[in-house]
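Enquirer: Sending over upload_15.cif (mmCIF, C-alpha atoms).
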```
data_work
loop_
_atom_site.label_atom_id
_atom_site.label_comp_id
_atom_site.auth_asym_id
_atom_site.auth_seq_id
_atom_site.Cartn_x
_atom_site.Cartn_y
_atom_site.Cartn_z
CA PHE M 159 7.89 33.11 25.39
CA PHE M 160 6.99 35.05 22.22
CA LEU M 161 10.05 33.68 20.46
CA MET M 162 8.60 30.20 20.88
CA ILE M 163 5.38 31.04 19.04
CA ARG M 164 6.76 32.97 16.10
CA ARG M 165 5.74 31.95 12.62
CA PRO M 166 7.99 29.33 10.96
CA PRO M 167 10.02 30.43 7.93
CA ARG M 168 8.21 30.32 4.56
CA SER M 169 10.20 27.33 3.32
CA THR M 170 8.97 25.27 6.28
CA GLN M 171 5.40 26.28 5.56
CA SER M 172 5.63 25.22 1.92
CA ARG M 173 7.23 21.89 2.87
CA SER M 174 4.48 21.36 5.40
CA SER M 175 1.86 22.24 2.79
CA ALA M 176 3.48 19.91 0.25
CA ALA M 177 3.55 17.12 2.83
CA SER M 178 -0.11 17.78 3.59
CA ASP M 179 -0.94 17.56 -0.13
CA VAL M 180 0.90 14.24 -0.43
CA TYR M 181 -0.94 12.94 2.63
CA LYS M 182 -4.33 13.92 1.20
CA ARG M 183 -3.51 12.33 -2.16
CA GLN M 184 -2.36 9.08 -0.52
CA VAL M 185 -5.50 8.81 1.58
CA GLU M 186 -7.92 9.93 -1.15
CA GLU M 187 -6.46 7.46 -3.66
CA GLU M 188 -6.90 4.53 -1.28
CA LEU M 189 -9.85 5.15 1.01
CA THR M 190 -13.48 5.87 0.23
CA GLU M 191 -15.50 8.33 2.30
CA ILE M 192 -17.23 5.40 4.02
CA GLU M 193 -13.86 3.83 4.87
CA ILE M 194 -12.63 7.15 6.25
CA GLN M 195 -15.75 7.36 8.42
CA LYS M 196 -15.14 3.80 9.70
CA CYS M 197 -11.53 4.75 10.41
CA ARG M 198 -12.80 7.73 12.43
CA GLU M 199 -15.05 5.44 14.45
CA ALA M 200 -12.19 2.99 15.11
CA PHE M 201 -9.82 5.83 15.97
CA ASN M 202 -12.32 7.29 18.43
CA ALA M 203 -12.75 3.87 20.05
CA PHE M 204 -8.95 3.64 20.54
CA ASP M 205 -8.72 7.24 21.80
CA LYS M 206 -10.26 6.46 25.19
CA ASP M 207 -9.54 9.85 26.74
CA GLY M 208 -10.88 11.85 23.77
CA SER M 209 -7.60 13.74 23.33
CA GLY M 210 -7.59 13.39 19.55
CA THR M 211 -4.54 11.13 19.68
CA ILE M 212 -3.79 7.52 20.52
CA ASP M 213 -1.03 7.44 23.11
CA PRO M 214 1.12 4.40 23.96
CA GLU M 215 -1.08 3.36 26.87
CA GLU M 216 -4.26 3.50 24.78
CA LEU M 217 -2.60 1.47 22.01
CA ARG M 218 -1.35 -1.10 24.51
CA ASN M 219 -4.85 -1.43 26.02
CA VAL M 220 -6.45 -1.96 22.61
CA LEU M 221 -3.86 -4.58 21.67
CA GLU M 222 -4.37 -6.36 24.99
CA GLU M 223 -8.15 -6.32 24.44
CA MET M 224 -7.42 -8.08 21.13
CA GLY M 225 -5.51 -10.80 22.99
CA GLN M 226 -1.99 -9.56 22.23
CA LYS M 227 0.70 -8.96 24.82
CA PRO M 228 2.85 -6.18 23.37
CA THR M 229 6.01 -5.04 25.11
CA GLU M 230 6.64 -1.34 25.63
CA GLU M 231 9.15 -1.58 22.77
CA ASP M 232 6.49 -3.12 20.48
CA VAL M 233 4.04 -0.32 21.25
CA LEU M 234 6.61 2.43 20.70
CA LYS M 235 7.75 0.82 17.45
CA MET M 236 4.16 0.66 16.19
CA ILE M 237 3.63 4.32 17.02
CA ASN M 238 6.94 5.39 15.47
CA GLU M 239 6.05 3.63 12.21
CA VAL M 240 3.10 5.98 11.66
CA ASP M 241 3.83 9.05 13.81
CA GLN M 242 4.67 11.75 11.25
CA SER M 243 4.79 14.57 13.79
CA ASN M 244 7.30 12.79 16.08
CA ARG M 245 5.13 13.52 19.12
CA GLY M 246 5.04 9.91 20.33
CA VAL M 247 1.30 9.57 19.63
CA ILE M 248 -0.87 8.61 16.68
CA GLU M 249 -2.94 11.45 15.26
CA PHE M 250 -5.98 10.77 13.07
CA LYS M 251 -4.09 11.71 9.89
CA ASP M 252 -1.35 9.21 10.86
CA PHE M 253 -4.02 6.58 11.46
CA LEU M 254 -5.60 7.25 8.06
CA ARG M 255 -2.23 7.10 6.31
CA ALA M 256 -1.53 3.74 7.99
CA MET M 257 -4.94 2.39 6.95
CA ALA M 258 -4.42 3.59 3.36
CA ARG M 259 -0.98 1.94 3.27
CA GLN M 260 -2.45 -1.29 4.65
CA LYS M 261 -5.19 -1.29 2.03
CA ARG M 262 -2.65 -0.63 -0.74
CA MET M 263 -0.40 -3.45 0.48
CA GLN M 264 -3.38 -5.83 0.62
CA ARG M 265 -4.37 -4.90 -2.94
CA GLU M 266 -0.79 -5.43 -4.13
CA ARG M 267 -0.73 -8.89 -2.51
CA GLU M 268 -4.02 -9.74 -4.20
CA ASP M 269 -2.72 -8.45 -7.56
CA GLU M 270 0.41 -10.58 -7.19
CA SER M 271 -1.77 -13.60 -6.38
CA ASP M 272 -3.92 -12.98 -9.48
CA ILE M 273 -0.81 -12.70 -11.67
CA ARG M 274 0.54 -15.96 -10.19
CA ASP M 275 -2.80 -17.71 -10.85
CA ALA M 276 -2.86 -16.50 -14.47
CA PHE M 277 0.75 -17.59 -14.99
CA ASP M 278 0.07 -21.03 -13.52
CA ALA M 279 -3.01 -21.46 -15.75
CA LEU M 280 -1.07 -20.46 -18.87
CA LYS M 281 1.97 -22.62 -18.22
CA GLY M 282 -0.19 -25.73 -17.88
CA ASP M 283 0.12 -28.88 -15.82
CA ASP M 284 3.10 -30.43 -17.60
CA GLY M 285 5.63 -29.37 -14.96
CA ARG M 286 7.00 -26.44 -16.92
CA SER M 287 8.22 -23.36 -15.11
CA SER M 288 7.51 -20.96 -17.97
CA ILE M 289 4.86 -20.04 -20.53
CA ASP M 290 5.30 -20.85 -24.18
CA ALA M 291 5.30 -17.46 -25.98
CA LYS M 292 3.43 -18.89 -28.99
CA LYS M 293 0.71 -20.22 -26.69
CA LEU M 294 0.36 -16.80 -25.03
CA ILE M 295 0.16 -15.04 -28.40
CA HIS M 296 -2.50 -17.52 -29.56
CA ILE M 297 -4.60 -17.05 -26.41
CA ILE M 298 -4.38 -13.25 -26.49
CA LYS M 299 -5.09 -12.86 -30.20
CA ASP M 300 -7.26 -15.83 -31.16
CA GLU M 301 -9.15 -16.81 -28.03
CA PHE M 302 -9.63 -13.38 -26.44
CA ASN M 303 -9.45 -11.32 -29.66
CA LEU M 304 -7.46 -8.61 -27.89
CA THR M 305 -5.82 -5.97 -30.06
CA ILE M 306 -2.76 -5.39 -27.90
CA ASP M 307 0.65 -5.83 -29.49
CA ILE M 308 1.52 -8.93 -27.50
CA GLU M 309 4.61 -9.67 -29.59
CA ARG M 310 6.06 -6.28 -28.70
CA LEU M 311 5.30 -6.78 -25.00
CA ILE M 312 7.00 -10.18 -25.05
CA TYR M 313 9.99 -8.76 -26.90
CA GLU M 314 10.34 -5.93 -24.34
CA VAL M 315 10.42 -8.24 -21.32
CA ALA M 316 11.98 -11.44 -22.66
CA SER M 317 15.52 -11.94 -21.45
CA ASN M 318 16.11 -14.77 -23.91
CA THR M 319 15.02 -15.88 -27.35
CA ASN M 320 14.02 -19.44 -26.51
CA GLY M 321 10.29 -18.73 -26.82
CA GLU M 322 9.66 -19.12 -23.09
CA ILE M 323 8.37 -16.49 -20.66
CA SER M 324 9.37 -16.77 -17.00
CA TYR M 325 7.10 -15.69 -14.16
CA GLU M 326 9.15 -12.53 -13.58
CA GLU M 327 8.89 -11.60 -17.27
CA PHE M 328 5.15 -12.30 -17.28
CA ARG M 329 4.67 -10.14 -14.16
CA ASP M 330 6.76 -7.33 -15.70
CA MET M 331 4.74 -7.55 -18.89
CA LEU M 332 1.46 -7.12 -17.01
CA SER M 333 2.85 -4.35 -14.84
CA ASN M 334 3.95 -2.14 -17.75
#
```
Would you encode the structure as structure tokens?
Expert:
Amino acid sequence: FFLMIRRPPRSTQSRSSAASDVYKRQVEEELTEIEIQKCREAFNAFDKDGSGTIDPEELRNVLEEMGQKPTEEDVLKMINEVDQSNRGVIEFKDFLRAMARQKRMQREREDESDIRDAFDALKGDDGRSSIDAKKLIHIIKDEFNLTIDIERLIYEVASNTNGEISYEEFRDMLSN
């Protein structure tokens, strides 16, 4: 019995501590204190038996209350996607990590949509599939009076010298 409760080796403790630090950073970068509190309230609503975890049956019940009809495989897959401890349940820290990831993915989709909208506005309505580099330079320098080195940015991402910027190049330029 005592062998089962002995202290893990130091290397395991430091990996666990490092993982905990990464977890905290991921959550703190994405979620505000108010969002964390709302996550706690939602988690507690899912955790019907007050055990501090959401087990497969509790998750299934919540999904069914939302009008879904998950199979056992669906429920286990959902749990496995977030269960960092491999216990077959969702702990609060797993729940927070999943919510932070969801928020980050939503923000990335919105960012991609904003980039697409800007690209479409710059390329114009003439059926072109690219932006004229001279037009972009003019807008950045003359209309917006920005001091960025737009020529250098275009040069760094342009895969050709035809004076046209594709969507992928425009996205890469804004991402760097």
Enquirer: Could you work out how far atom CA of Glu191 of chain M lies from atom CA of Val247 of chain M, giving the answer in Å with one decimal?
Expert: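 Value for the atom CA of Val247 of chain M-atom CA of Glu191 of chain M distance: 24.2 Å.
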Enquirer: Can you turn the PyMOL selection byres ((chain M and resi 202-207) around 12) into a concrete residue list for this file, as a list in words?
Expert: Gln195, Lys196, Cys197, Arg198, Glu199, Ala200, Phe201, Gly208, Ser209, Gly210, Thr211, Ile212, Asp213, Pro214, Glu215, Glu216, Leu217, Arg218, Asn219, Val220, Leu221, Glu222, Glu223, Met224, Val247, Ile248, Glu249, Phe250 and Phe253 of chain M
Enquirer: If you keep C-alpha atoms, can you produce a file of those selected residues as a short mmCIF file (atom, residue, chain, number, x, y, z; two decimals), in the frame of the given file?
Expert:
```cif
data_model
loop_
_atom_site.label_atom_id
_atom_site.label_comp_id
_atom_site.auth_asym_id
_atom_site.auth_seq_id
_atom_site.Cartn_x
_atom_site.Cartn_y
_atom_site.Cartn_z
CA GLN M 195 -15.75 7.36 8.42
CA LYS M 196 -15.14 3.80 9.70
CA CYS M 197 -11.53 4.75 10.41
CA ARG M 198 -12.80 7.73 12.43
CA GLU M 199 -15.05 5.44 14.45
CA ALA M 200 -12.19 2.99 15.11
CA PHE M 201 -9.82 5.83 15.97
CA GLY M 208 -10.88 11.85 23.77
CA SER M 209 -7.60 13.74 23.33
CA GLY M 210 -7.59 13.39 19.55
CA THR M 211 -4.54 11.13 19.68
CA ILE M 212 -3.79 7.52 20.52
CA ASP M 213 -1.03 7.44 23.11
CA PRO M 214 1.12 4.40 23.96
CA GLU M 215 -1.08 3.36 26.87
CA GLU M 216 -4.26 3.50 24.78
CA LEU M 217 -2.60 1.47 22.01
CA ARG M 218 -1.35 -1.10 24.51
CA ASN M 219 -4.85 -1.43 26.02
CA VAL M 220 -6.45 -1.96 22.61
CA LEU M 221 -3.86 -4.58 21.67
CA GLU M 222 -4.37 -6.36 24.99
CA GLU M 223 -8.15 -6.32 24.44
CA MET M 224 -7.42 -8.08 21.13
CA VAL M 247 1.30 9.57 19.63
CA ILE M 248 -0.87 8.61 16.68
CA GLU M 249 -2.94 11.45 15.26
CA PHE M 250 -5.98 10.77 13.07
CA PHE M 253 -4.02 6.58 11.46
#
```
Enquirer: Once the PyMOL selection byres ((chain M and resi 317-324) around 12) is applied to the coordinates I shared, what remains selected? I want it as a ChimeraX atom specification.
Expert: /M:274,277-278,280-281,286-295,309,311-316,325-331
Enquirer: May I have the selected residues written with C-alpha atoms, as a short mmCIF file (atom, residue, chain, number, x, y, z; two decimals), keeping the file's coordinate frame?
Expert:
```cif
data_model
loop_
_atom_site.label_atom_id
_atom_site.label_comp_id
_atom_site.auth_asym_id
_atom_site.auth_seq_id
_atom_site.Cartn_x
_atom_site.Cartn_y
_atom_site.Cartn_z
CA ARG M 274 0.54 -15.96 -10.19
CA PHE M 277 0.75 -17.59 -14.99
CA ASP M 278 0.07 -21.03 -13.52
CA LEU M 280 -1.07 -20.46 -18.87
CA LYS M 281 1.97 -22.62 -18.22
CA ARG M 286 7.00 -26.44 -16.92
CA SER M 287 8.22 -23.36 -15.11
CA SER M 288 7.51 -20.96 -17.97
CA ILE M 289 4.86 -20.04 -20.53
CA ASP M 290 5.30 -20.85 -24.18
CA ALA M 291 5.30 -17.46 -25.98
CA LYS M 292 3.43 -18.89 -28.99
CA LYS M 293 0.71 -20.22 -26.69
CA LEU M 294 0.36 -16.80 -25.03
CA ILE M 295 0.16 -15.04 -28.40
CA GLU M 309 4.61 -9.67 -29.59
CA LEU M 311 5.30 -6.78 -25.00
CA ILE M 312 7.00 -10.18 -25.05
CA TYR M 313 9.99 -8.76 -26.90
CA GLU M 314 10.34 -5.93 -24.34
CA VAL M 315 10.42 -8.24 -21.32
CA ALA M 316 11.98 -11.44 -22.66
CA TYR M 325 7.10 -15.69 -14.16
CA GLU M 326 9.15 -12.53 -13.58
CA GLU M 327 8.89 -11.60 -17.27
CA PHE M 328 5.15 -12.30 -17.28
CA ARG M 329 4.67 -10.14 -14.16
CA ASP M 330 6.76 -7.33 -15.70
CA MET M 331 4.74 -7.55 -18.89
#
```
Enquirer: Just the residues within 12 Å of Glu239 of chain M, please, counting all atoms listed in the file, with nothing from its chain fewer than 3 positions along; format it as a PyMOL selection string.
Expert: chain M and resi 232-236+242-244+246-248+252-253+255-256+259
Enquirer: Can you measure atom CA of Ser271 of chain M to atom CA of Glu193 of chain M for me? One decimal in Å is fine.
Expert: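 Distance between the two atoms: 24.0 Å.
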Enquirer: Which distance in Å separates atom CA of Leu332 of chain M and atom CA of Ala258 of chain M, to one decimal?
Expert: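 Straight-line distance from atom CA of Leu332 of chain M to atom CA of Ala258 of chain M works out to 23.8 Å.
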Enquirer: Just write segment 293-307 of chain M with N, CA and C atoms, as an mmCIF file, in the first residue's frame, taken from the block above.
Expert:
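File produced: result13.cif:
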```cif
data_model
loop_
_atom_site.group_PDB
_atom_site.id
_atom_site.type_symbol
_atom_site.label_atom_id
_atom_site.label_comp_id
_atom_site.auth_asym_id
_atom_site.auth_seq_id
_atom_site.Cartn_x
_atom_site.Cartn_y
_atom_site.Cartn_z
ATOM 1 N N LYS M 293 -1.405 50.096 -55.819
ATOM 2 C CA LYS M 293 -2.612 50.584 -55.147
ATOM 3 C C LYS M 293 -2.471 50.446 -53.629
ATOM 4 N N LEU M 294 -1.959 49.300 -53.174
ATOM 5 C CA LEU M 294 -1.782 49.076 -51.741
ATOM 6 C C LEU M 294 -0.786 50.074 -51.160
ATOM 7 N N ILE M 295 0.304 50.292 -51.841
ATOM 8 C CA ILE M 295 1.312 51.267 -51.385
ATOM 9 C C ILE M 295 0.688 52.652 -51.281
ATOM 10 N N HIS M 296 -0.085 53.042 -52.301
ATOM 11 C CA HIS M 296 -0.739 54.349 -52.300
ATOM 12 C C HIS M 296 -1.690 54.487 -51.107
ATOM 13 N N ILE M 297 -2.494 53.472 -50.870
ATOM 14 C CA ILE M 297 -3.468 53.532 -49.770
ATOM 15 C C ILE M 297 -2.752 53.625 -48.424
ATOM 16 N N ILE M 298 -1.740 52.786 -48.226
ATOM 17 C CA ILE M 298 -1.024 52.771 -46.945
ATOM 18 C C ILE M 298 -0.310 54.096 -46.691
ATOM 19 N N LYS M 299 0.388 54.591 -47.702
ATOM 20 C CA LYS M 299 1.210 55.795 -47.510
ATOM 21 C C LYS M 299 0.419 57.086 -47.645
ATOM 22 N N ASP M 300 -0.380 57.195 -48.690
ATOM 23 C CA ASP M 300 -1.023 58.480 -48.997
ATOM 24 C C ASP M 300 -2.379 58.662 -48.325
ATOM 25 N N GLU M 301 -3.174 57.617 -48.281
ATOM 26 C CA GLU M 301 -4.508 57.776 -47.710
ATOM 27 C C GLU M 301 -4.525 57.593 -46.197
ATOM 28 N N PHE M 302 -3.715 56.646 -45.694
ATOM 29 C CA PHE M 302 -3.689 56.405 -44.255
ATOM 30 C C PHE M 302 -2.481 57.028 -43.568
ATOM 31 N N ASN M 303 -1.538 57.540 -44.348
ATOM 32 C CA ASN M 303 -0.327 58.174 -43.810
ATOM 33 C C ASN M 303 0.408 57.297 -42.797
ATOM 34 N N LEU M 304 0.450 55.992 -43.060
ATOM 35 C CA LEU M 304 1.154 55.084 -42.170
ATOM 36 C C LEU M 304 2.643 55.089 -42.505
ATOM 37 N N THR M 305 3.457 54.929 -41.506
ATOM 38 C CA THR M 305 4.914 55.008 -41.705
ATOM 39 C C THR M 305 5.567 53.640 -41.841
ATOM 40 N N ILE M 306 4.786 52.599 -41.997
ATOM 41 C CA ILE M 306 5.390 51.269 -42.150
ATOM 42 C C ILE M 306 6.081 51.169 -43.508
ATOM 43 N N ASP M 307 7.058 50.313 -43.583
ATOM 44 C CA ASP M 307 7.787 50.092 -44.831
ATOM 45 C C ASP M 307 7.023 49.070 -45.659
#
```
